[in-house]
Each structure stands twice: as C-alpha cells, then as structure tokens.
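What follows is a short report on a single structure.
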Amino acid sequence: MKLNFTNNNLLIALYFIMFAVHFLLWQSLGIGFETTLIRYYLFLTILFMMVLTIVSIFKKYILSILVLYFWDW
C-alpha cells in the first residue's frame, strides 16, 4: 500500500507531532492546567483548518480565474 503525502497531510501530521511535543513538555515541567493547553490547541486546530480550507479554495478557484483573466493579455 502506497501512502500519498500531500502538503496538507504533511502539515496535519506535523501539527499533531507539535501538539504531542508541547503536551509532553507541559507534563514534564509540571506546569499543570492541562485543560488550558487542550483548549488552546483546540482553538489552534480550528484556525489551522480554516487556513487550510482558504488556501485550498484559493489554489483551486482563484488561480484558475486569474489564469483565465490574464490569458488573453
């Protein structure tokens, strides 16, 4: 079975690795307030998904519109 890693899949994998590293650091330093960290990363996840959606829409539609518009020049 071949795994196809696109840029979005790579970014998602790196995001979860970053979360795991931060959570382990948070636990090892004994800071506490794990719910604060989880809520912070849930907020970042929503922002991250919004950015990926906007970038994919931009790449799919806006660039094709710009190419069609400037093709005759």
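Convention: chains lettered A, B, ... in structure tokens order; per-chain residue numbering from 1; ligands numbered from 1 as shown.
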Practice prompt. Going by DSSP on the backbone, which bits of chain A are alpha helix (DSSP H)? Write them as an MDAnalysis selection string, please.
Written response: chainID A and resid 7:29 34:57 63:70
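You can rank A:Met49, A:Ile57, A:Leu66, A:Ile31 by their closest distance to A:Tyr15 using only C-alpha atoms, and at the top of that list sits A:Met49.
Residue neighbourhood of stretch 33-42 of chain A, excluding near-sequence residues (fewer than 6 positions): Tyr15, Phe16, Phe19, His22, Phe23, Trp26, Gln27 and Phe48 of chain A, at 10 Å, using only C-alpha atoms.
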For the selection just defined, write its residues with N, CA, C and O atoms to a file, as a JSON list (two decimals), in the first residue's frame.
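Below is the file out-v5.json, written as the result:
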[["chain", "number", "residue", "atom", "x", "y", "z"],
["A", 15, "TYR", "N", 1.47, 19.04, 12.70],
["A", 15, "TYR", "CA", 0.67, 19.70, 13.72],
["A", 15, "TYR", "C", 0.45, 18.77, 14.92],
["A", 15, "TYR", "O", 0.60, 19.19, 16.07],
["A", 16, "PHE", "N", 0.11, 17.51, 14.65],
["A", 16, "PHE", "CA", -0.11, 16.58, 15.75],
["A", 16, "PHE", "C", 1.19, 16.24, 16.47],
["A", 16, "PHE", "O", 1.20, 16.04, 17.69],
["A", 19, "PHE", "N", 1.78, 19.13, 18.75],
["A", 19, "PHE", "CA", 0.92, 19.04, 19.92],
["A", 19, "PHE", "C", 1.47, 18.03, 20.92],
["A", 19, "PHE", "O", 1.52, 18.30, 22.13],
["A", 22, "HIS", "N", 4.57, 19.49, 22.70],
["A", 22, "HIS", "CA", 4.20, 20.51, 23.68],
["A", 22, "HIS", "C", 3.52, 19.91, 24.90],
["A", 22, "HIS", "O", 3.76, 20.33, 26.03],
["A", 23, "PHE", "N", 2.67, 18.90, 24.68],
["A", 23, "PHE", "CA", 1.99, 18.27, 25.80],
["A", 23, "PHE", "C", 2.99, 17.53, 26.69],
["A", 23, "PHE", "O", 2.89, 17.59, 27.92],
["A", 26, "TRP", "N", 4.87, 20.10, 28.64],
["A", 26, "TRP", "CA", 3.97, 20.63, 29.65],
["A", 26, "TRP", "C", 3.89, 19.69, 30.85],
["A", 26, "TRP", "O", 3.92, 20.12, 31.99],
["A", 27, "GLN", "N", 3.80, 18.37, 30.56],
["A", 27, "GLN", "CA", 3.73, 17.37, 31.62],
["A", 27, "GLN", "C", 5.05, 17.23, 32.35],
["A", 27, "GLN", "O", 5.08, 17.10, 33.58],
["A", 48, "PHE", "N", -6.29, 26.48, 12.22],
["A", 48, "PHE", "CA", -5.50, 25.73, 11.25],
["A", 48, "PHE", "C", -6.38, 25.17, 10.14],
["A", 48, "PHE", "O", -6.04, 25.25, 8.96]]
Practice prompt. Calculate how many Å separate atom CA of A:Thr45 from atom CA of A:Ala20, rounding to one decimal.
Written response: 13.5 Å
